[in-house]
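**Q** Below is the file work_30.csv, which contains CSV, N, CA and C atoms.
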chain,number,residue,atom,x,y,z
A,29,MET,N,-60.0,132.3,-13.6
A,29,MET,CA,-59.2,131.6,-12.6
A,29,MET,C,-58.8,130.2,-13.3
A,30,ARG,N,-57.5,129.8,-13.2
A,30,ARG,CA,-57.1,128.5,-13.7
A,30,ARG,C,-57.2,127.4,-12.7
A,31,PRO,N,-57.7,126.3,-13.1
A,31,PRO,CA,-57.7,125.2,-12.2
A,31,PRO,C,-56.3,124.6,-11.9
A,32,ALA,N,-56.1,124.2,-10.6
A,32,ALA,CA,-54.8,123.7,-10.2
A,32,ALA,C,-54.6,122.3,-10.8
A,33,VAL,N,-53.4,121.9,-11.1
A,33,VAL,CA,-53.2,120.5,-11.5
A,33,VAL,C,-53.1,119.6,-10.3
A,34,SER,N,-53.9,118.5,-10.4
A,34,SER,CA,-54.0,117.7,-9.2
A,34,SER,C,-52.7,116.8,-9.0
A,35,THR,N,-52.5,116.4,-7.8
A,35,THR,CA,-51.4,115.6,-7.4
A,35,THR,C,-51.3,114.3,-8.2
A,36,PRO,N,-52.4,113.6,-8.4
A,36,PRO,CA,-52.4,112.3,-9.2
A,36,PRO,C,-51.9,112.6,-10.7
A,37,VAL,N,-52.3,113.7,-11.2
A,37,VAL,CA,-51.9,114.0,-12.6
A,37,VAL,C,-50.4,114.3,-12.6
A,38,LEU,N,-49.8,115.0,-11.7
A,38,LEU,CA,-48.4,115.3,-11.6
A,38,LEU,C,-47.6,114.0,-11.4
A,39,THR,N,-48.1,113.1,-10.5
A,39,THR,CA,-47.5,111.9,-10.2
A,39,THR,C,-47.4,111.0,-11.5
A,40,LEU,N,-48.5,110.9,-12.2
A,40,LEU,CA,-48.5,110.2,-13.5
A,40,LEU,C,-47.5,110.8,-14.5
A,41,LEU,N,-47.5,112.1,-14.6
A,41,LEU,CA,-46.5,112.7,-15.5
A,41,LEU,C,-45.1,112.4,-15.1
A,42,PHE,N,-44.7,112.4,-13.9
A,42,PHE,CA,-43.4,112.1,-13.5
A,42,PHE,C,-43.0,110.7,-13.6
A,43,ALA,N,-44.0,109.8,-13.5
A,43,ALA,CA,-43.8,108.4,-13.7
A,43,ALA,C,-43.6,108.0,-15.1
A,44,VAL,N,-44.3,108.7,-16.0
A,44,VAL,CA,-44.2,108.4,-17.5
A,44,VAL,C,-43.1,109.1,-18.2
A,45,ALA,N,-42.6,110.2,-17.7
A,45,ALA,CA,-41.6,111.0,-18.3
A,45,ALA,C,-40.3,110.3,-18.6
A,46,PRO,N,-39.8,109.5,-17.6
A,46,PRO,CA,-38.5,108.8,-17.9
A,46,PRO,C,-38.6,107.8,-19.0
A,47,THR,N,-39.7,107.1,-19.1
A,47,THR,CA,-39.9,106.1,-20.1
A,47,THR,C,-40.0,106.8,-21.5
A,48,ALA,N,-40.6,107.9,-21.5
A,48,ALA,CA,-40.7,108.6,-22.8
A,48,ALA,C,-39.3,109.0,-23.3
A,49,ALA,N,-38.4,109.3,-22.4
A,49,ALA,CA,-37.0,109.7,-22.8
A,49,ALA,C,-36.3,108.6,-23.5
A,50,PHE,N,-36.4,107.4,-23.1
A,50,PHE,CA,-35.7,106.3,-23.7
A,50,PHE,C,-36.5,105.6,-24.8
A,51,ALA,N,-37.8,105.9,-24.8
A,51,ALA,CA,-38.7,105.3,-25.9
A,51,ALA,C,-38.4,105.9,-27.2
A,52,GLN,N,-37.9,107.1,-27.3
A,52,GLN,CA,-37.6,107.8,-28.5
A,52,GLN,C,-36.4,107.1,-29.2
A,53,ALA,N,-35.8,106.2,-28.6
A,53,ALA,CA,-34.5,105.6,-29.1
A,53,ALA,C,-34.8,104.7,-30.3
A,54,GLY,N,-36.0,104.4,-30.7
A,54,GLY,CA,-36.2,103.6,-31.9
A,54,GLY,C,-37.6,103.1,-32.1
A,55,GLY,N,-38.1,103.6,-33.3
A,55,GLY,CA,-39.4,103.1,-33.7
A,55,GLY,C,-39.3,101.9,-34.6
A,56,ASP,N,-38.1,101.6,-35.0
A,56,ASP,CA,-37.8,100.5,-35.9
A,56,ASP,C,-37.1,99.3,-35.1
A,57,LEU,N,-37.5,99.1,-33.9
A,57,LEU,CA,-36.9,98.0,-33.1
A,57,LEU,C,-37.4,96.7,-33.5
A,58,ASN,N,-36.6,95.7,-33.6
A,58,ASN,CA,-37.1,94.3,-33.8
A,58,ASN,C,-37.6,93.7,-32.5
A,59,GLU,N,-38.1,92.5,-32.6
A,59,GLU,CA,-38.8,92.0,-31.4
A,59,GLU,C,-37.8,91.8,-30.2
A,60,GLN,N,-36.6,91.4,-30.5
A,60,GLN,CA,-35.6,91.2,-29.4
A,60,GLN,C,-35.3,92.6,-28.8
A,61,GLN,N,-35.1,93.6,-29.6
A,61,GLN,CA,-34.8,95.0,-29.1
A,61,GLN,C,-36.0,95.5,-28.3
A,62,GLN,N,-37.2,95.3,-28.7
A,62,GLN,CA,-38.4,95.8,-28.0
A,62,GLN,C,-38.4,95.1,-26.6
A,63,HIS,N,-38.2,93.8,-26.6
A,63,HIS,CA,-38.1,93.1,-25.3
A,63,HIS,C,-37.0,93.6,-24.4
A,64,GLY,N,-35.9,93.9,-25.0
A,64,GLY,CA,-34.8,94.5,-24.3
A,64,GLY,C,-35.1,95.9,-23.7
A,65,ARG,N,-35.9,96.7,-24.5
A,65,ARG,CA,-36.3,98.0,-24.0
A,65,ARG,C,-37.2,97.8,-22.8
A,66,GLN,N,-38.1,96.8,-22.8
A,66,GLN,CA,-39.0,96.6,-21.7
A,66,GLN,C,-38.2,96.1,-20.4
A,67,VAL,N,-37.3,95.1,-20.6
A,67,VAL,CA,-36.5,94.6,-19.5
A,67,VAL,C,-35.6,95.7,-19.0
A,68,PHE,N,-35.0,96.5,-19.9
A,68,PHE,CA,-34.1,97.6,-19.5
A,68,PHE,C,-34.9,98.6,-18.6
A,69,ALA,N,-36.1,98.9,-19.0
A,69,ALA,CA,-37.0,99.9,-18.2
A,69,ALA,C,-37.3,99.3,-16.8
A,70,GLN,N,-37.5,98.0,-16.7
A,70,GLN,CA,-37.9,97.4,-15.5
A,70,GLN,C,-36.7,97.1,-14.6
A,71,SER,N,-35.5,96.8,-15.1
A,71,SER,CA,-34.4,96.3,-14.3
A,71,SER,C,-33.2,97.3,-14.3
A,72,CYS,N,-33.1,98.1,-15.3
A,72,CYS,CA,-31.9,99.0,-15.4
A,72,CYS,C,-32.2,100.4,-15.3
A,73,GLY,N,-33.4,100.8,-15.7
A,73,GLY,CA,-33.8,102.2,-15.8
A,73,GLY,C,-33.7,103.0,-14.5
A,74,ILE,N,-33.9,102.3,-13.4
A,74,ILE,CA,-33.8,103.0,-12.1
A,74,ILE,C,-32.5,103.7,-11.9
A,75,CYS,N,-31.4,103.1,-12.5
A,75,CYS,CA,-30.1,103.7,-12.3
A,75,CYS,C,-29.5,104.3,-13.6
A,76,HIS,N,-30.0,103.8,-14.8
A,76,HIS,CA,-29.3,104.2,-16.0
A,76,HIS,C,-30.1,105.1,-16.9
A,77,LEU,N,-31.4,105.4,-16.7
A,77,LEU,CA,-32.1,106.3,-17.5
A,77,LEU,C,-31.6,107.7,-17.3
A,78,GLN,N,-31.5,108.4,-18.4
A,78,GLN,CA,-30.9,109.8,-18.3
A,78,GLN,C,-31.8,110.7,-17.5
A,79,PRO,N,-31.2,111.6,-16.9
A,79,PRO,CA,-31.9,112.6,-16.0
A,79,PRO,C,-33.1,113.2,-16.8
A,80,VAL,N,-34.2,113.3,-16.1
A,80,VAL,CA,-35.4,114.0,-16.6
A,80,VAL,C,-35.8,114.9,-15.5
A,81,LEU,N,-36.1,116.2,-15.9
A,81,LEU,CA,-36.6,117.2,-14.9
A,81,LEU,C,-35.7,117.3,-13.7
A,82,GLY,N,-34.4,117.3,-13.9
A,82,GLY,CA,-33.5,117.5,-12.8
A,82,GLY,C,-33.2,116.3,-11.9
A,83,VAL,N,-33.7,115.1,-12.3
A,83,VAL,CA,-33.5,113.9,-11.5
A,83,VAL,C,-32.1,113.4,-11.9
A,84,LYS,N,-31.3,113.0,-10.9
A,84,LYS,CA,-30.0,112.5,-11.2
A,84,LYS,C,-30.0,111.0,-11.3
A,85,THR,N,-29.1,110.4,-12.1
A,85,THR,CA,-29.0,109.0,-12.2
A,85,THR,C,-27.9,108.5,-11.3
A,86,TYR,N,-28.0,107.2,-10.9
A,86,TYR,CA,-26.9,106.6,-10.1
A,86,TYR,C,-25.8,106.1,-11.0
A,87,GLY,N,-26.2,105.4,-12.1
A,87,GLY,CA,-25.3,104.8,-13.0
A,87,GLY,C,-25.2,105.7,-14.2
A,88,PRO,N,-24.2,105.4,-15.1
A,88,PRO,CA,-24.0,106.3,-16.3
A,88,PRO,C,-25.1,106.0,-17.3
A,89,PRO,N,-25.4,107.0,-18.1
A,89,PRO,CA,-26.4,106.7,-19.2
A,89,PRO,C,-25.8,105.7,-20.2
A,90,LEU,N,-26.6,104.8,-20.7
A,90,LEU,CA,-26.1,103.8,-21.6
A,90,LEU,C,-26.6,104.1,-23.0
A,91,ASN,N,-25.7,103.8,-24.0
A,91,ASN,CA,-26.1,104.0,-25.4
A,91,ASN,C,-25.2,103.0,-26.2
A,92,LYS,N,-25.2,103.2,-27.5
A,92,LYS,CA,-24.5,102.2,-28.3
A,92,LYS,C,-23.0,102.1,-28.1
A,93,THR,N,-22.4,103.1,-27.4
A,93,THR,CA,-21.0,103.1,-27.2
A,93,THR,C,-20.7,102.5,-25.8
A,94,ALA,N,-21.6,102.1,-25.1
A,94,ALA,CA,-21.4,101.5,-23.7
A,94,ALA,C,-20.5,100.2,-23.9
A,95,ALA,N,-19.6,100.0,-22.9
A,95,ALA,CA,-18.7,98.9,-22.8
A,95,ALA,C,-17.8,98.9,-24.1
A,96,ALA,N,-17.5,100.1,-24.6
A,96,ALA,CA,-16.7,100.3,-25.8
A,96,ALA,C,-17.2,99.6,-27.0
A,97,GLY,N,-18.6,99.4,-27.0
A,97,GLY,CA,-19.2,98.8,-28.1
A,97,GLY,C,-19.1,97.3,-28.2
A,98,ASN,N,-18.5,96.7,-27.1
A,98,ASN,CA,-18.3,95.3,-27.0
A,98,ASN,C,-19.4,94.6,-26.4
A,99,ASP,N,-20.2,93.8,-27.1
A,99,ASP,CA,-21.4,93.1,-26.6
A,99,ASP,C,-21.0,92.1,-25.5
A,100,ASP,N,-19.9,91.4,-25.7
A,100,ASP,CA,-19.5,90.4,-24.7
A,100,ASP,C,-19.1,91.0,-23.4
A,101,ALA,N,-18.5,92.2,-23.5
A,101,ALA,CA,-18.1,92.9,-22.2
A,101,ALA,C,-19.4,93.4,-21.5
A,102,MET,N,-20.4,93.9,-22.3
A,102,MET,CA,-21.6,94.4,-21.7
A,102,MET,C,-22.4,93.2,-21.1
A,103,ARG,N,-22.4,92.1,-21.7
A,103,ARG,CA,-23.1,90.9,-21.2
A,103,ARG,C,-22.4,90.5,-19.8
A,104,ALA,N,-21.1,90.5,-19.8
A,104,ALA,CA,-20.3,90.1,-18.6
A,104,ALA,C,-20.6,91.1,-17.5
A,105,ILE,N,-20.7,92.4,-17.8
A,105,ILE,CA,-21.0,93.4,-16.7
A,105,ILE,C,-22.4,93.2,-16.2
A,106,ILE,N,-23.4,93.0,-17.1
A,106,ILE,CA,-24.8,92.8,-16.6
A,106,ILE,C,-24.8,91.5,-15.8
A,107,THR,N,-24.2,90.4,-16.3
A,107,THR,CA,-24.3,89.1,-15.6
A,107,THR,C,-23.6,89.1,-14.3
A,108,ASN,N,-22.4,89.7,-14.2
A,108,ASN,CA,-21.6,89.5,-13.0
A,108,ASN,C,-21.5,90.8,-12.1
A,109,GLY,N,-22.0,91.9,-12.7
A,109,GLY,CA,-22.0,93.2,-11.9
A,109,GLY,C,-20.6,93.8,-11.8
A,110,THR,N,-20.5,94.9,-11.1
A,110,THR,CA,-19.2,95.5,-10.8
A,110,THR,C,-19.2,95.9,-9.3
A,111,GLU,N,-18.2,96.7,-8.9
A,111,GLU,CA,-18.2,97.1,-7.5
A,111,GLU,C,-19.5,98.0,-7.2
A,112,ARG,N,-20.0,98.7,-8.2
A,112,ARG,CA,-21.1,99.6,-7.9
A,112,ARG,C,-22.4,99.1,-8.5
A,113,MET,N,-22.4,98.0,-9.2
A,113,MET,CA,-23.6,97.5,-9.9
A,113,MET,C,-23.8,96.1,-9.5
A,114,PRO,N,-25.1,95.7,-9.1
A,114,PRO,CA,-25.3,94.3,-8.7
A,114,PRO,C,-25.3,93.4,-9.9
A,115,ALA,N,-25.0,92.2,-9.7
A,115,ALA,CA,-25.0,91.1,-10.7
A,115,ALA,C,-26.5,90.8,-11.0
A,116,PHE,N,-26.8,90.5,-12.2
A,116,PHE,CA,-28.2,90.1,-12.6
A,116,PHE,C,-28.3,88.7,-13.0
A,117,LYS,N,-27.2,87.8,-12.8
A,117,LYS,CA,-27.2,86.5,-13.3
A,117,LYS,C,-28.3,85.6,-12.6
A,118,HIS,N,-28.7,86.0,-11.4
A,118,HIS,CA,-29.7,85.2,-10.8
A,118,HIS,C,-31.1,85.8,-11.0
A,119,TYR,N,-31.2,86.9,-11.6
A,119,TYR,CA,-32.4,87.6,-11.8
A,119,TYR,C,-32.9,87.6,-13.2
A,120,LEU,N,-32.0,87.8,-14.2
A,120,LEU,CA,-32.3,87.8,-15.6
A,120,LEU,C,-31.9,86.5,-16.3
A,121,LYS,N,-32.7,86.1,-17.2
A,121,LYS,CA,-32.3,84.9,-18.1
A,121,LYS,C,-31.3,85.4,-19.1
A,122,PRO,N,-30.4,84.5,-19.6
A,122,PRO,CA,-29.5,84.9,-20.7
A,122,PRO,C,-30.1,85.6,-21.9
A,123,ALA,N,-31.3,85.1,-22.3
A,123,ALA,CA,-32.0,85.8,-23.4
A,123,ALA,C,-32.4,87.2,-23.1
A,124,GLU,N,-32.8,87.5,-21.8
A,124,GLU,CA,-33.1,88.8,-21.4
A,124,GLU,C,-31.9,89.7,-21.4
A,125,ILE,N,-30.8,89.2,-21.0
A,125,ILE,CA,-29.5,90.0,-21.0
A,125,ILE,C,-29.2,90.3,-22.5
A,126,ASP,N,-29.3,89.3,-23.3
A,126,ASP,CA,-29.0,89.5,-24.8
A,126,ASP,C,-29.9,90.6,-25.3
A,127,ALA,N,-31.2,90.6,-24.9
A,127,ALA,CA,-32.2,91.5,-25.4
A,127,ALA,C,-31.8,92.9,-24.9
A,128,ILE,N,-31.3,93.1,-23.7
A,128,ILE,CA,-30.9,94.4,-23.2
A,128,ILE,C,-29.7,94.9,-24.0
A,129,VAL,N,-28.8,94.0,-24.3
A,129,VAL,CA,-27.6,94.4,-25.1
A,129,VAL,C,-28.1,94.9,-26.5
A,130,ALA,N,-28.9,94.1,-27.1
A,130,ALA,CA,-29.5,94.4,-28.4
A,130,ALA,C,-30.2,95.8,-28.4
A,131,TYR,N,-30.9,96.1,-27.4
A,131,TYR,CA,-31.6,97.3,-27.2
A,131,TYR,C,-30.7,98.5,-27.0
A,132,VAL,N,-29.7,98.3,-26.1
A,132,VAL,CA,-28.8,99.4,-25.8
A,132,VAL,C,-28.0,99.8,-27.0
A,133,ARG,N,-27.7,98.8,-27.9
A,133,ARG,CA,-27.0,99.1,-29.1
A,133,ARG,C,-27.8,100.0,-30.1
A,134,THR,N,-29.1,100.2,-29.9
A,134,THR,CA,-29.9,101.0,-30.7
A,134,THR,C,-30.0,102.4,-30.2
A,135,VAL,N,-29.6,102.7,-28.9
A,135,VAL,CA,-29.7,104.0,-28.3
A,135,VAL,C,-28.6,104.9,-28.8
A,136,PRO,N,-29.0,106.0,-29.4
A,136,PRO,CA,-28.0,106.9,-30.0
A,136,PRO,C,-27.3,107.7,-28.8
A,137,VAL,N,-26.1,108.1,-29.2
A,137,VAL,CA,-25.3,108.9,-28.2
A,137,VAL,C,-26.0,110.3,-28.1
A,138,ASN,N,-26.2,110.8,-26.9
A,138,ASN,CA,-26.8,112.1,-26.7
A,138,ASN,C,-25.6,113.1,-26.9
A,139,THR,N,-25.8,114.0,-27.9
A,139,THR,CA,-24.7,114.9,-28.2
A,139,THR,C,-25.0,116.4,-27.7
A,140,SER,N,-26.1,116.5,-26.9
A,140,SER,CA,-26.4,117.8,-26.4
A,140,SER,C,-25.2,118.3,-25.4
A,141,PRO,N,-25.0,119.6,-25.3
A,141,PRO,CA,-23.9,120.0,-24.5
A,141,PRO,C,-24.0,119.7,-23.0
A,142,ASN,N,-25.3,119.5,-22.5
A,142,ASN,CA,-25.5,119.3,-21.1
A,142,ASN,C,-25.6,117.8,-20.8
A,143,ALA,N,-25.4,116.9,-21.8
A,143,ALA,CA,-25.5,115.5,-21.6
A,143,ALA,C,-24.3,115.0,-20.8
A,144,PRO,N,-24.6,114.1,-19.9
A,144,PRO,CA,-23.4,113.5,-19.2
A,144,PRO,C,-22.6,112.6,-20.2
A,145,LYS,N,-21.3,112.6,-20.0
A,145,LYS,CA,-20.5,111.8,-20.9
A,145,LYS,C,-20.5,110.3,-20.4
A,146,GLN,N,-20.2,109.4,-21.3
A,146,GLN,CA,-20.2,108.0,-21.0
A,146,GLN,C,-19.2,107.8,-19.8
A,147,GLY,N,-19.7,107.1,-18.8
A,147,GLY,CA,-19.0,106.8,-17.6
A,147,GLY,C,-19.1,107.9,-16.5
A,148,GLU,N,-19.8,109.0,-16.8
A,148,GLU,CA,-20.0,110.1,-15.9
A,148,GLU,C,-21.3,109.9,-15.2
A,149,MET,N,-21.4,110.1,-13.9
A,149,MET,CA,-22.6,110.0,-13.2
A,149,MET,C,-23.0,111.4,-12.8
A,150,ARG,N,-24.3,111.6,-12.6
A,150,ARG,CA,-24.8,112.9,-12.1
A,150,ARG,C,-25.3,112.8,-10.8
Once you've parsed the file, please lay out its structure as structure tokens.
**A**
Amino acid sequence: MRPAVSTPVLTLLFAVAPTAAFAQAGGDLNEQQQHGRQVFAQSCGICHLQPVLGVKTYGPPLNKTAAAGNDDAMRAIITNGTERMPAFKHYLKPAEIDAIVAYVRTVPVNTSPNAPKQGEMR
């Protein structure tokens, strides 16, 4: 007879799985990019991490092609928000926003056939 998997183990698995998906984006990150990955996980991941185990995202997945590759445009979007995204100018410091931009520029484009396209939400 196989033992059943406990609820706390499953909860931990589902809590860690989304961070594992974006952590693959770079083992060679510099200090600013590592900080950006951490801030992204805390402030942006709830909406922008790619779907894991059937979970849908509210915002589009972000990668190095986000904001047409324009760092200034990405900074402006993060700072001032959009109609669907809150502004982070009162929550994040400029250095944290720069770190997020630096990190997102390291995230490769997902080319799998089931991957949502840039700007597409699931």
**Q** Give me the residues within 10 Å of region 115-131 of chain A as a ChimeraX atom specification, counting only C-alpha atoms and dropping any in the same chain fewer than 3 places off.
**A** /A:53-54,57-69,71-72,91-92,94,97-100,102-112,134-135
**Q** Just to confirm, what's the straight-line distance from atom N of His76 (chain A) to CA of Asp56 (chain A) in Å (one decimal)?
**A**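 Computing the Euclidean distance for atom N of His76 (chain A) and CA of Asp56 (chain A) yields 22.7 Å.
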**Q** Do you have the atom C of Val132 (chain A)-CA of Thr85 (chain A) distance handy?
**A**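 Straight-line distance from atom C of Val132 (chain A) to CA of Thr85 (chain A) works out to 17.5 Å.
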**Q** Suppose you want the space between CA of Ala95 (chain A) and CA of Val137 (chain A); what is it in Å?
**A**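 Computing the Euclidean distance for CA of Ala95 (chain A) and CA of Val137 (chain A) yields 13.1 Å.
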